[in-house]
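Enquirer: Provided herewith: final11.txt, compact mmCIF, C-alpha atoms.
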# COMPACT_ATOMS: atom_id res chain seq x y z
CA MET A 161 0.47 14.50 -1.29
CA HIS A 162 1.49 11.56 0.87
CA GLU A 163 5.06 12.47 -0.07
CA LEU A 164 5.23 14.58 3.09
CA SER A 165 4.47 11.48 5.18
CA ILE A 166 7.08 9.55 3.20
CA ALA A 167 9.64 12.33 3.62
CA THR A 168 8.98 12.41 7.36
CA ALA A 169 9.57 8.66 7.59
CA VAL A 170 12.81 9.06 5.59
CA VAL A 171 14.01 11.82 7.91
CA GLU A 172 13.19 9.76 11.02
CA SER A 173 15.08 6.71 9.75
CA ALA A 174 18.09 8.66 8.52
CA ASP A 175 18.19 10.68 11.73
CA ALA A 176 18.18 7.47 13.78
CA ALA A 177 20.98 6.03 11.63
CA ALA A 178 23.04 9.20 12.09
CA ARG A 179 22.62 8.97 15.85
CA ARG A 180 23.63 5.32 15.91
CA HIS A 181 26.80 6.28 14.11
CA GLY A 182 27.49 9.26 16.31
CA ALA A 183 27.00 11.80 13.56
CA ALA A 184 25.40 15.15 14.34
CA SER A 185 24.48 15.83 10.75
CA VAL A 186 23.79 14.04 7.50
CA GLU A 187 25.38 14.99 4.19
CA SER A 188 23.04 13.12 1.93
CA VAL A 189 20.40 10.44 1.76
CA ARG A 190 20.08 8.08 -1.16
CA LEU A 191 16.63 6.75 -1.86
CA ARG A 192 15.58 4.09 -4.31
CA VAL A 193 12.12 4.75 -5.66
CA GLY A 194 10.45 2.27 -7.97
CA GLU A 195 8.46 3.38 -10.97
CA LEU A 196 5.36 1.81 -9.43
CA ALA A 197 5.97 2.94 -5.86
CA GLY A 198 3.33 5.62 -6.23
CA VAL A 199 5.70 8.41 -5.23
CA VAL A 200 6.43 11.54 -7.23
CA ALA A 201 10.13 12.39 -7.02
CA ASP A 202 9.64 16.17 -7.29
CA ALA A 203 6.99 16.21 -4.59
CA LEU A 204 9.25 14.09 -2.42
CA ARG A 205 12.20 16.49 -2.88
CA PHE A 206 10.02 19.43 -1.95
CA SER A 207 8.64 17.61 1.11
CA PHE A 208 12.07 16.41 2.17
CA GLY A 209 13.28 19.98 2.58
CA LEU A 210 10.37 20.72 4.89
CA ALA A 211 10.63 17.51 6.88
CA ALA A 212 14.39 17.94 7.37
CA GLU A 213 14.13 21.39 8.95
CA GLY A 214 15.29 21.43 12.54
CA THR A 215 16.72 17.89 12.39
CA ALA A 216 20.17 16.41 11.75
CA LEU A 217 19.12 16.29 8.13
CA ALA A 218 18.69 20.04 7.68
CA GLY A 219 20.47 20.94 4.46
CA ALA A 220 21.09 17.30 3.52
CA ARG A 221 20.98 16.36 -0.13
CA LEU A 222 18.34 13.92 -1.27
CA GLU A 223 19.48 11.67 -4.09
CA ILE A 224 16.69 9.75 -5.72
CA GLU A 225 17.51 6.73 -7.79
CA GLU A 226 14.49 5.85 -9.88
CA VAL A 227 14.13 2.12 -10.43
CA PRO A 228 12.36 1.06 -13.61
CA ALA A 229 9.61 -1.53 -13.27
CA ARG A 230 10.43 -4.92 -14.77
CA ALA A 231 8.42 -8.09 -14.65
CA ARG A 232 9.16 -11.76 -15.22
CA CYS A 233 6.93 -13.39 -17.78
CA GLY A 234 4.79 -16.32 -16.69
CA GLY A 235 4.84 -17.87 -20.13
CA CYS A 236 8.29 -17.48 -21.67
CA PRO A 237 11.71 -17.27 -20.07
CA GLY A 238 11.99 -13.53 -20.62
CA ASP A 239 11.53 -10.48 -18.51
CA PHE A 240 10.30 -7.14 -19.75
CA ALA A 241 9.84 -3.47 -18.94
CA VAL A 242 6.41 -2.78 -17.52
CA GLY A 243 6.53 0.66 -19.13
CA SER A 244 4.29 3.65 -18.87
CA PRO A 245 1.35 3.37 -18.99
CA PRO A 246 2.10 0.08 -17.30
CA SER A 247 1.24 -3.31 -18.68
CA LEU A 248 1.97 -6.63 -17.06
CA GLU A 249 1.37 -8.46 -20.32
CA CYS A 250 4.54 -9.85 -21.87
CA PRO A 251 5.25 -8.11 -25.20
CA GLY A 252 7.05 -11.27 -26.35
CA CYS A 253 4.40 -13.94 -25.84
CA GLY A 254 1.32 -12.12 -24.60
CA ARG A 255 1.10 -14.03 -21.33
CA SER A 256 0.76 -12.27 -18.00
CA ALA A 257 3.68 -11.60 -15.76
CA ALA A 258 4.35 -14.09 -13.00
CA GLU A 259 5.95 -11.55 -10.73
CA LEU A 260 7.37 -8.09 -10.56
CA LEU A 261 11.17 -8.06 -10.45
CA THR A 262 11.68 -4.39 -9.70
CA GLY A 263 9.58 -1.26 -9.53
CA ARG A 264 7.99 -1.04 -6.09
CA GLU A 265 11.10 -0.06 -4.16
CA LEU A 266 10.71 2.67 -1.62
CA GLU A 267 13.78 2.42 0.50
CA ILE A 268 16.63 4.34 1.97
CA ALA A 269 19.63 2.83 0.23
CA ALA A 270 22.28 4.71 2.18
CA VAL A 271 23.10 7.80 4.17
CA THR A 272 26.34 9.72 3.88
CA LEU A 273 27.64 11.06 7.18
CA PRO A 274 30.52 13.42 7.87
CA GLU A 275 33.63 11.56 9.04
CA PRO A 276 33.98 12.02 12.76
CA ASP A 277 37.23 13.89 13.37
CA ALA A 278 36.93 12.99 17.01
CA PRO A 279 36.29 16.39 18.55
CA ALA A 280 35.58 16.33 22.25
CA GLY A 281 32.06 15.63 23.27
CA VAL A 282 31.11 13.61 20.26
CA PRO A 283 30.08 10.12 21.31
CA PRO A 284 31.93 7.30 19.62
CA PRO A 285 30.13 5.57 16.81
CA SER A 286 28.13 2.70 18.13
CA LEU A 287 27.09 -0.13 15.94
CA SER A 288 24.46 -1.56 18.15
CA MET B 129 35.28 17.00 3.94
CA MET B 130 35.71 13.32 4.66
CA CYS B 131 32.50 11.42 4.44
CA ARG B 132 31.43 7.88 4.96
CA THR B 133 28.49 6.14 3.43
CA VAL B 134 26.38 3.83 5.49
CA ASP B 135 24.27 1.32 3.62
CA LEU B 136 20.86 1.10 5.18
CA ARG B 137 18.56 -0.58 2.70
CA HIS B 138 15.75 0.29 4.97
CA ALA B 139 12.19 0.23 3.69
CA VAL B 140 10.81 3.72 4.17
CA LEU B 141 7.43 2.38 5.22
CA ALA B 142 8.82 -0.37 7.43
CA LYS B 143 7.22 1.18 10.49
CA ASN B 144 3.76 1.32 8.93
CA ASP B 145 4.15 -2.15 7.44
CA GLY B 146 5.23 -3.58 10.78
CA LEU B 147 2.26 -2.00 12.54
CA ALA B 148 -0.08 -3.25 9.83
CA ALA B 149 1.23 -6.79 10.18
CA GLU B 150 0.72 -6.62 13.96
CA LEU B 151 -2.75 -5.26 13.49
CA ARG B 152 -3.63 -8.03 11.04
CA ALA B 153 -2.48 -10.63 13.54
CA ASP B 154 -4.34 -8.91 16.38
CA LEU B 155 -7.57 -8.76 14.36
CA THR B 156 -7.21 -12.41 13.39
CA ALA B 157 -6.84 -13.29 17.05
CA ARG B 158 -10.05 -11.39 17.70
CA GLY B 159 -11.80 -13.33 14.94
CA MET B 160 -12.04 -10.26 12.76
CA THR B 161 -11.00 -9.47 9.20
CA ALA B 162 -10.38 -5.97 7.91
CA VAL B 163 -11.38 -4.87 4.43
CA ASN B 164 -9.72 -1.78 2.99
CA LEU B 165 -11.98 0.10 0.57
CA MET B 166 -10.28 2.56 -1.75
CA SER B 167 -11.59 4.78 -4.47
CA SER B 168 -11.72 8.31 -5.84
CA PRO B 169 -14.10 10.77 -4.20
CA GLY B 170 -17.57 10.35 -5.61
CA SER B 171 -17.27 6.73 -6.70
CA GLY B 172 -20.28 5.75 -4.61
CA LYS B 173 -18.24 3.85 -2.06
CA THR B 174 -20.27 5.06 0.93
CA ALA B 175 -23.61 4.34 -0.74
CA LEU B 176 -22.53 0.82 -1.64
CA LEU B 177 -21.09 0.22 1.80
CA GLU B 178 -24.34 1.33 3.40
CA ARG B 179 -26.15 -1.30 1.34
CA VAL B 180 -23.60 -3.97 2.21
CA LEU B 181 -23.79 -3.21 5.94
CA THR B 182 -27.59 -3.33 5.82
CA ARG B 183 -27.53 -6.60 3.91
CA ALA B 184 -25.07 -8.08 6.40
CA GLY B 185 -27.54 -7.24 9.16
CA GLU B 186 -30.32 -8.99 7.26
CA ARG B 187 -28.10 -12.03 6.81
CA GLY B 188 -27.20 -12.06 10.47
CA VAL B 189 -23.53 -11.29 9.93
CA ALA B 190 -21.90 -8.95 12.44
CA VAL B 191 -19.98 -6.23 10.60
CA ALA B 192 -18.70 -2.77 11.46
CA ALA B 193 -17.27 0.17 9.56
CA LEU B 194 -14.53 2.66 10.19
CA THR B 195 -14.86 5.54 7.79
CA ALA B 196 -12.20 8.12 7.12
CA ASP B 197 -12.88 11.59 5.96
CA LEU B 198 -10.90 14.78 5.81
CA ALA B 199 -13.34 16.85 7.82
CA THR B 200 -16.99 15.88 8.06
CA GLU B 201 -18.91 13.12 9.80
CA ASN B 202 -21.49 12.85 7.05
CA ASP B 203 -20.32 9.42 5.92
CA ALA B 204 -20.52 7.97 9.41
CA ARG B 205 -24.06 9.29 9.78
CA ARG B 206 -25.06 7.72 6.48
CA LEU B 207 -23.48 4.38 7.32
CA ALA B 208 -25.00 4.31 10.81
CA ARG B 209 -28.44 4.11 9.22
CA SER B 210 -27.59 0.48 8.46
CA GLY B 211 -27.62 -0.31 12.17
CA ALA B 212 -24.02 -1.54 12.11
CA PRO B 213 -21.49 -0.05 14.55
CA VAL B 214 -19.76 2.82 12.76
CA LYS B 215 -16.86 5.02 13.72
CA GLN B 216 -15.56 8.11 11.99
CA VAL B 217 -11.86 8.84 11.63
CA LEU B 218 -11.18 12.48 10.91
CA THR B 219 -7.84 12.70 9.19
CA GLY B 220 -7.63 16.45 9.61
CA GLY B 221 -6.72 16.96 6.00
CA LEU B 222 -4.38 13.99 5.66
CA CYS B 223 -4.93 12.39 2.28
CA HIS B 224 -4.72 8.76 3.38
CA LEU B 225 -5.04 6.48 6.38
CA GLU B 226 -2.04 4.90 8.05
CA ALA B 227 -1.98 1.75 10.15
CA ASP B 228 -1.50 3.57 13.46
CA GLN B 229 -4.61 5.69 12.87
CA VAL B 230 -6.65 2.56 12.31
CA ARG B 231 -5.16 0.82 15.32
CA GLU B 232 -5.96 3.78 17.55
CA HIS B 233 -9.65 3.19 16.96
CA LEU B 234 -9.62 -0.53 17.54
CA ALA B 235 -8.56 -0.84 21.17
CA ASP B 236 -12.07 -1.46 22.53
CA TRP B 237 -13.98 -1.39 19.34
CA PRO B 238 -15.78 -2.85 17.37
CA PRO B 239 -17.90 -5.26 19.46
CA ARG B 240 -16.42 -8.70 20.03
CA ALA B 241 -18.74 -10.61 17.72
CA THR B 242 -17.74 -8.53 14.68
CA ARG B 243 -16.46 -10.66 11.84
CA ALA B 244 -15.75 -8.10 9.16
CA LEU B 245 -14.49 -4.59 9.68
CA PHE B 246 -14.79 -2.35 6.66
CA VAL B 247 -12.27 0.46 6.56
CA GLU B 248 -13.43 3.15 4.18
CA ASN B 249 -10.28 4.96 3.17
CA VAL B 250 -10.04 8.64 2.26
CA GLY B 251 -11.37 9.22 -1.25
CA ASN B 252 -8.10 9.20 -3.20
CA LEU B 253 -6.52 6.68 -5.54
CA VAL B 254 -2.92 7.73 -5.12
CA CYS B 255 -1.81 8.06 -1.53
CA PRO B 256 -3.81 5.30 0.23
CA ALA B 257 -2.43 2.69 -2.16
CA THR B 258 0.98 2.80 -0.50
CA TYR B 259 -0.25 2.11 3.03
CA ASP B 260 -1.08 -1.32 4.38
CA LEU B 261 -3.74 -0.92 7.07
CA GLY B 262 -3.71 -4.48 8.34
CA GLU B 263 -6.42 -5.55 5.93
CA SER B 264 -6.81 -9.05 4.58
CA LEU B 265 -8.88 -7.92 1.64
CA ARG B 266 -8.09 -4.81 -0.36
CA VAL B 267 -10.85 -3.60 -2.61
CA VAL B 268 -10.58 -0.80 -5.14
CA LEU B 269 -13.82 0.69 -6.40
CA MET B 270 -14.50 2.77 -9.46
CA SER B 271 -17.71 4.10 -10.95
CA VAL B 272 -18.75 3.86 -14.57
CA THR B 273 -18.57 7.65 -14.92
CA GLU B 274 -14.83 7.75 -14.23
CA GLY B 275 -13.39 6.54 -17.53
CA GLU B 276 -12.25 3.10 -18.64
CA ASP B 277 -8.54 3.88 -18.45
CA LYS B 278 -8.45 4.73 -14.77
CA PRO B 279 -6.72 1.46 -13.82
CA VAL B 280 -3.64 2.30 -15.88
CA LYS B 281 -3.64 5.87 -14.59
CA TYR B 282 -3.58 4.58 -11.01
CA PRO B 283 -1.62 1.35 -11.42
CA THR B 284 -0.57 1.06 -7.77
CA ALA B 285 -4.13 1.29 -6.45
CA PHE B 286 -5.59 -1.08 -9.04
CA GLY B 287 -2.51 -3.27 -9.26
CA LEU B 288 -2.49 -4.15 -5.57
CA ALA B 289 -6.21 -4.81 -5.20
CA HIS B 290 -7.54 -8.25 -4.33
CA LEU B 291 -10.85 -7.31 -5.85
CA VAL B 292 -12.03 -4.57 -8.20
CA VAL B 293 -15.59 -3.33 -7.79
CA LEU B 294 -17.27 -1.39 -10.57
CA THR B 295 -19.95 0.87 -9.09
CA LYS B 296 -23.02 2.66 -10.46
CA THR B 297 -23.51 0.04 -13.17
CA ASP B 298 -27.09 1.29 -13.53
CA LEU B 299 -25.52 4.32 -15.21
CA ALA B 300 -23.25 2.34 -17.52
CA GLN B 301 -25.38 2.82 -20.60
CA PRO B 302 -26.09 6.54 -20.29
CA ALA B 303 -22.43 7.10 -19.42
CA GLY B 304 -21.36 5.14 -22.50
CA PHE B 305 -19.07 3.03 -20.36
CA ASP B 306 -17.22 0.34 -22.29
CA GLU B 307 -16.80 -2.56 -19.89
CA GLU B 308 -14.57 -4.57 -22.20
CA VAL B 309 -12.07 -1.76 -22.51
CA PHE B 310 -12.20 -1.31 -18.76
CA ALA B 311 -11.62 -5.03 -18.16
CA ASP B 312 -8.61 -4.90 -20.50
CA HIS B 313 -7.14 -2.03 -18.54
CA VAL B 314 -7.68 -3.82 -15.25
CA GLU B 315 -6.04 -6.93 -16.68
CA ARG B 316 -2.99 -4.94 -17.77
CA VAL B 317 -2.14 -3.88 -14.23
CA ASN B 318 -3.62 -6.76 -12.26
CA PRO B 319 -3.88 -9.95 -14.33
CA GLY B 320 -6.50 -12.34 -13.03
CA VAL B 321 -8.20 -10.02 -10.56
CA GLU B 322 -11.96 -10.28 -10.37
CA VAL B 323 -14.12 -7.36 -11.43
CA LEU B 324 -17.42 -7.30 -9.57
CA ARG B 325 -20.26 -5.17 -10.94
CA SER B 326 -22.34 -3.31 -8.43
CA SER B 327 -25.03 -0.71 -8.09
CA ALA B 328 -26.16 0.72 -4.78
CA ARG B 329 -29.34 1.77 -6.56
CA THR B 330 -30.41 -1.59 -7.96
CA GLY B 331 -28.65 -3.69 -5.36
CA GLU B 332 -26.54 -5.50 -7.94
CA GLY B 333 -23.35 -6.89 -6.44
CA VAL B 334 -24.30 -6.14 -2.83
CA ASP B 335 -24.55 -9.80 -1.88
CA GLY B 336 -21.60 -10.57 -4.13
CA LEU B 337 -19.35 -8.16 -2.32
CA LEU B 338 -20.50 -9.42 1.06
CA ASP B 339 -19.87 -13.02 -0.08
CA ARG B 340 -16.30 -12.17 -1.03
CA VAL B 341 -15.74 -10.44 2.27
CA LEU B 342 -17.12 -13.45 4.15
CA ALA B 343 -14.86 -15.74 2.12
CA ALA B 344 -11.89 -13.67 3.26
CA CYS B 345 -13.22 -13.88 6.84
CA SER B 346 -13.28 -17.67 6.52
CA GLY B 347 -9.64 -17.65 5.60
CA VAL B 348 -10.00 -18.14 1.86
CA THR B 349 -6.86 -16.72 0.29
CA PRO B 350 -7.77 -13.85 -1.97
CA HIS B 351 -6.37 -13.25 -5.43
CA ARG B 352 -2.68 -12.47 -5.26
CA PRO B 353 -1.80 -9.51 -7.47
CA VAL B 354 1.34 -9.70 -9.62
CA LEU B 355 2.36 -6.32 -8.24
CA ALA B 356 2.36 -7.78 -4.74
CA ARG B 357 4.67 -10.55 -5.84
CA GLN B 358 7.89 -8.60 -5.93
CA HIS B 359 10.37 -10.50 -3.85
CA LEU B 360 12.08 -7.55 -2.31
CA GLU B 361 14.02 -9.66 0.14
CA ARG B 362 16.01 -10.90 -2.82
CA HIS B 363 17.32 -7.39 -3.21
CA GLY B 364 18.11 -7.08 0.43
CA HIS B 365 15.20 -4.87 1.34
CA THR B 366 13.90 -7.01 4.08
CA HIS B 367 16.29 -6.30 6.83
CA ALA B 368 17.18 -3.09 8.47
CA HIS B 369 20.80 -4.09 8.83
CA GLU B 370 23.55 -1.77 7.89
CA HIS B 371 27.25 -1.65 7.26
CA GLY B 372 29.60 1.22 7.46
CA HIS B 373 32.12 0.99 4.66
CA GLU B 374 33.75 2.96 1.93
CA HIS B 375 31.34 3.96 -0.71
CA ALA B 376 30.72 1.10 -3.09
CA PRO B 377 28.79 1.54 -6.32
CA GLU B 378 26.43 -1.32 -5.55
CA ALA B 379 25.76 -2.88 -2.23
CA GLU B 380 26.39 -6.59 -1.99
CA SER B 381 23.38 -8.59 -2.92
CA GLY B 382 21.35 -10.44 -0.36
CA PRO B 383 20.98 -9.66 3.28
CA GLU B 384 22.84 -11.38 6.03
CA ALA B 385 21.05 -14.15 7.81
CA ALA B 386 19.40 -12.19 10.54
CA PRO B 387 18.14 -8.68 10.96
CA GLU B 388 20.31 -6.87 13.41
CA GLY B 389 19.34 -3.27 13.04
CA PRO B 390 17.99 -1.50 16.09
CA ASP B 391 14.84 -0.65 14.20
CA GLU B 392 12.04 -3.10 14.20
CA ALA B 393 12.86 -5.92 11.85
CA ALA B 394 11.28 -4.69 8.68
CA SER B 395 9.00 -7.31 7.35
CA ASP B 396 8.42 -7.79 3.66
CA VAL B 397 8.02 -4.32 2.32
CA ILE B 398 4.87 -5.23 0.54
CA ALA B 399 3.43 -6.95 3.58
CA SER B 400 0.44 -8.20 1.73
CA PRO B 401 -1.49 -11.05 3.22
CA ALA B 402 0.56 -14.14 2.61
CA GLY B 403 -0.58 -17.15 0.72
CA GLN B 404 -0.57 -18.83 -2.58
CA PRO B 405 -2.65 -17.56 -5.44
CA SER B 406 -6.00 -19.21 -5.45
CA ASP B 407 -8.61 -18.45 -8.01
CA ALA B 408 -10.84 -21.29 -6.97
CA VAL B 409 -13.34 -19.22 -5.06
CA LEU B 410 -12.88 -15.72 -6.31
CA GLN B 411 -13.53 -16.31 -9.93
CA THR B 412 -14.03 -13.65 -12.49
CA VAL B 413 -17.63 -12.65 -12.68
CA ALA B 414 -18.47 -12.82 -16.33
CA ASP B 415 -21.52 -10.67 -16.41
CA GLY B 416 -23.68 -11.17 -19.40
CA SER B 417 -24.15 -7.53 -20.35
Write the structure described by the file as structure tokens, please.

Expert:
Amino acid sequence: MHELSIATAVVESADAAARRHGAASVESVRLRVGELAGVVADALRFSFGLAAEGTALAGARLEIEEVPARARCGGCPGDFAVGSPPSLECPGCGRSAAELLTGRELEIAAVTLPEPDAPAGVPPPSLS
Amino acid sequence: MMCRTVDLRHAVLAKNDGLAAELRADLTARGMTAVNLMSSPGSGKTALLERVLTRAGERGVAVAALTADLATENDARRLARSGAPVKQVLTGGLCHLEADQVREHLADWPPRATRALFVENVGNLVCPATYDLGESLRVVLMSVTEGEDKPVKYPTAFGLAHLVVLTKTDLAQPAGFDEEVFADHVERVNPGVEVLRSSARTGEGVDGLLDRVLAACSGVTPHRPVLARQHLERHGHTHAHEHGHEHAPEAESGPEAAPEGPDEAASDVIASPAGQPSDAVLQTVADGS
């Protein structure tokens, strides 16, 4: 269950981004999670709710975009889906993959913040 | 309500990866190389490590071990019998080690002459796989009683390993372990990685493992797993920069020239030890059995 650690890191980063942009809350966070990132989306959603409590992310939506794993073949010009269970052997020519193209992403793609309607006391957005 | 979307493209584990990279550099400056040992509980990792530490002592190589456990200090006591400096990390229930926990223990430890520092991770093949601990050699271990298809069940752990160690080979026959099937499964997730056979009971592979560790200490580039070769920077993952703009379906490809985010510049998300693949030294051990 390292998803709680991951969720905590997500909350910290998104919270910092909200502060930099002068937002007191966060509407949603969009994560990109690769098929081979070793993270279970459901466990992450559950953990996110816990990690967000008492922060600017309380009540924020977590959108998880799952990124399929694809690899570039080392033998032929093609690329292929690594699949599940995974195999880095090219189904076209049988050679091993030279590199992974996608599938290990674990990143915050974007955060959605409420538009500041300039009420008093809210610091201006700073893009430091 | 009006909303705005801010593109972050920030690696979730950037903080850990940054710390791990610093730690790796710090250890290198101290003439030390860290080895991350990962396996399921019960794979025989502690027993094998005890043998390796003892053998290192016999060969006059200064080594040390940091062993993580959820609650007990039993592993540290066992490893200390080797005579090597040993420290226990109690994770307090946490299922994996993170770079800052390792760093915490390395301020004034191990002794200066230490060349190799073994970090025995929490017994778990899922969570530890995601965390770089500043190691230069990542070893995944599995015993012959665990089933030949384990590598494809835990592709991240096996796929990112520089070396795979099969343990308890003295039990291979009674366990009916099919090494060819196992090797195929390893190859599927980590083409070209070496599989080293070992047995803490017979001593098989003890010197072999130590040799590979010493090679890493001497700066020999270990096997480079395909899984570690994802060029995330191409997709703009490398930098913690951000733009505020109207929501666009896809962010523009490629980061700007320089990281400008206030967060630490996120290094390569994978942050594996750099270098070109080299199979010259770490060849596949084709065991005759």

Enquirer: As an exercise, work out the distance from atom CA of Ala311 of chain B to atom CA of Asp260 of chain B in Å and give it to one decimal place.

Expert: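 Atom CA of Asp260 of chain B lies at a distance of 25.2 Å from atom CA of Ala311 of chain B.
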
Enquirer: Check every residue of chain A for an atom within 6 Å of chain B, counting only C-alpha atoms, and provide those that qualify as a PyMOL selection string.

Expert: chain A and resi 162+170+245+247-248+259-261+266-275

Enquirer: I'd like the interatomic distance between atom CA of Gln229 of chain B and atom CA of Ser207 of chain A, to a tenth of an Å.

Expert: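 Spanning atom CA of Gln229 of chain B to atom CA of Ser207 of chain A is a straight-line distance of 21.4 Å.
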
Enquirer: Please compute the atom CA of Val268 of chain B-atom CA of Arg340 of chain B distance, one decimal, in Å.

Expert: 13.4 Å

Enquirer: Could you tell me which of A:Gly238, A:Pro246, A:Val189, A:Pro251 comes closest to Ala212 of chain A if we count only C-alpha atoms?

Expert: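 Among the listed residues, the smallest separation from Ala212 of chain A belongs to A:Val189.
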
Enquirer: At a cut-off of 10 Å, using all atoms listed in the file, what residues contact segment 165-173 of chain B? Leave out same-chain residues fewer than 3 positions from it and give the result as a VMD selection string.

Expert: chain B and resid 162 176 to 178 195 203 224 246 to 254 256 to 257 263 265 to 274 285 to 286 289 291 to 296 327 to 328

Enquirer: Let me make sure I understand: among A:Val242, A:Cys250, A:Ala197, A:Leu222, which one has the smallest atom-to-atom distance to Gly209 of chain A if we use only C-alpha atoms?

Expert: A:Leu222

Enquirer: List the residues sitting within 10 Å of (-33.2, -1.6, 4.3) in the file's frame, using all atoms listed in the file, as an NGL selection string.

Expert: :B and (178-179 or 181-183 or 185-186 or 209-211)

Enquirer: Would you mind listing what lies within 10 Å of Leu234 of chain B as a list in words, with all atoms listed in the file counted and same-chain residues fewer than 3 positions away left out?

Expert: Leu151, Asp154, Leu155, Leu194, Lys215, Asp228, Gln229, Val230, Arg231, Trp237, Pro238 and Pro239 of chain B

Enquirer: Is it possible to get the residues within 10 Å of (-32.4, -1.4, -11.4) (coordinates as in the file, counting all atoms listed in the file) written as JSON, numbers by chain?

Expert: {"B": [297, 298, 299, 327, 328, 329, 330, 331, 332]}

Enquirer: Tell me, as a PyMOL selection string, which residues lie within 6 Å of Ala258 of chain A, counting all atoms listed in the file; anything in the same chain fewer than 3 positions away does not count.

Expert: chain A and resi 232-234

Enquirer: Kindly indicate which residue among B:Gln216, B:Asn202, B:Asn164, B:Thr242 lies nearest to Ala190 of chain B, using all atoms listed in the file for the distances.

Expert: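 Residue with the minimum atom-to-atom distance to Ala190 of chain B: B:Thr242.
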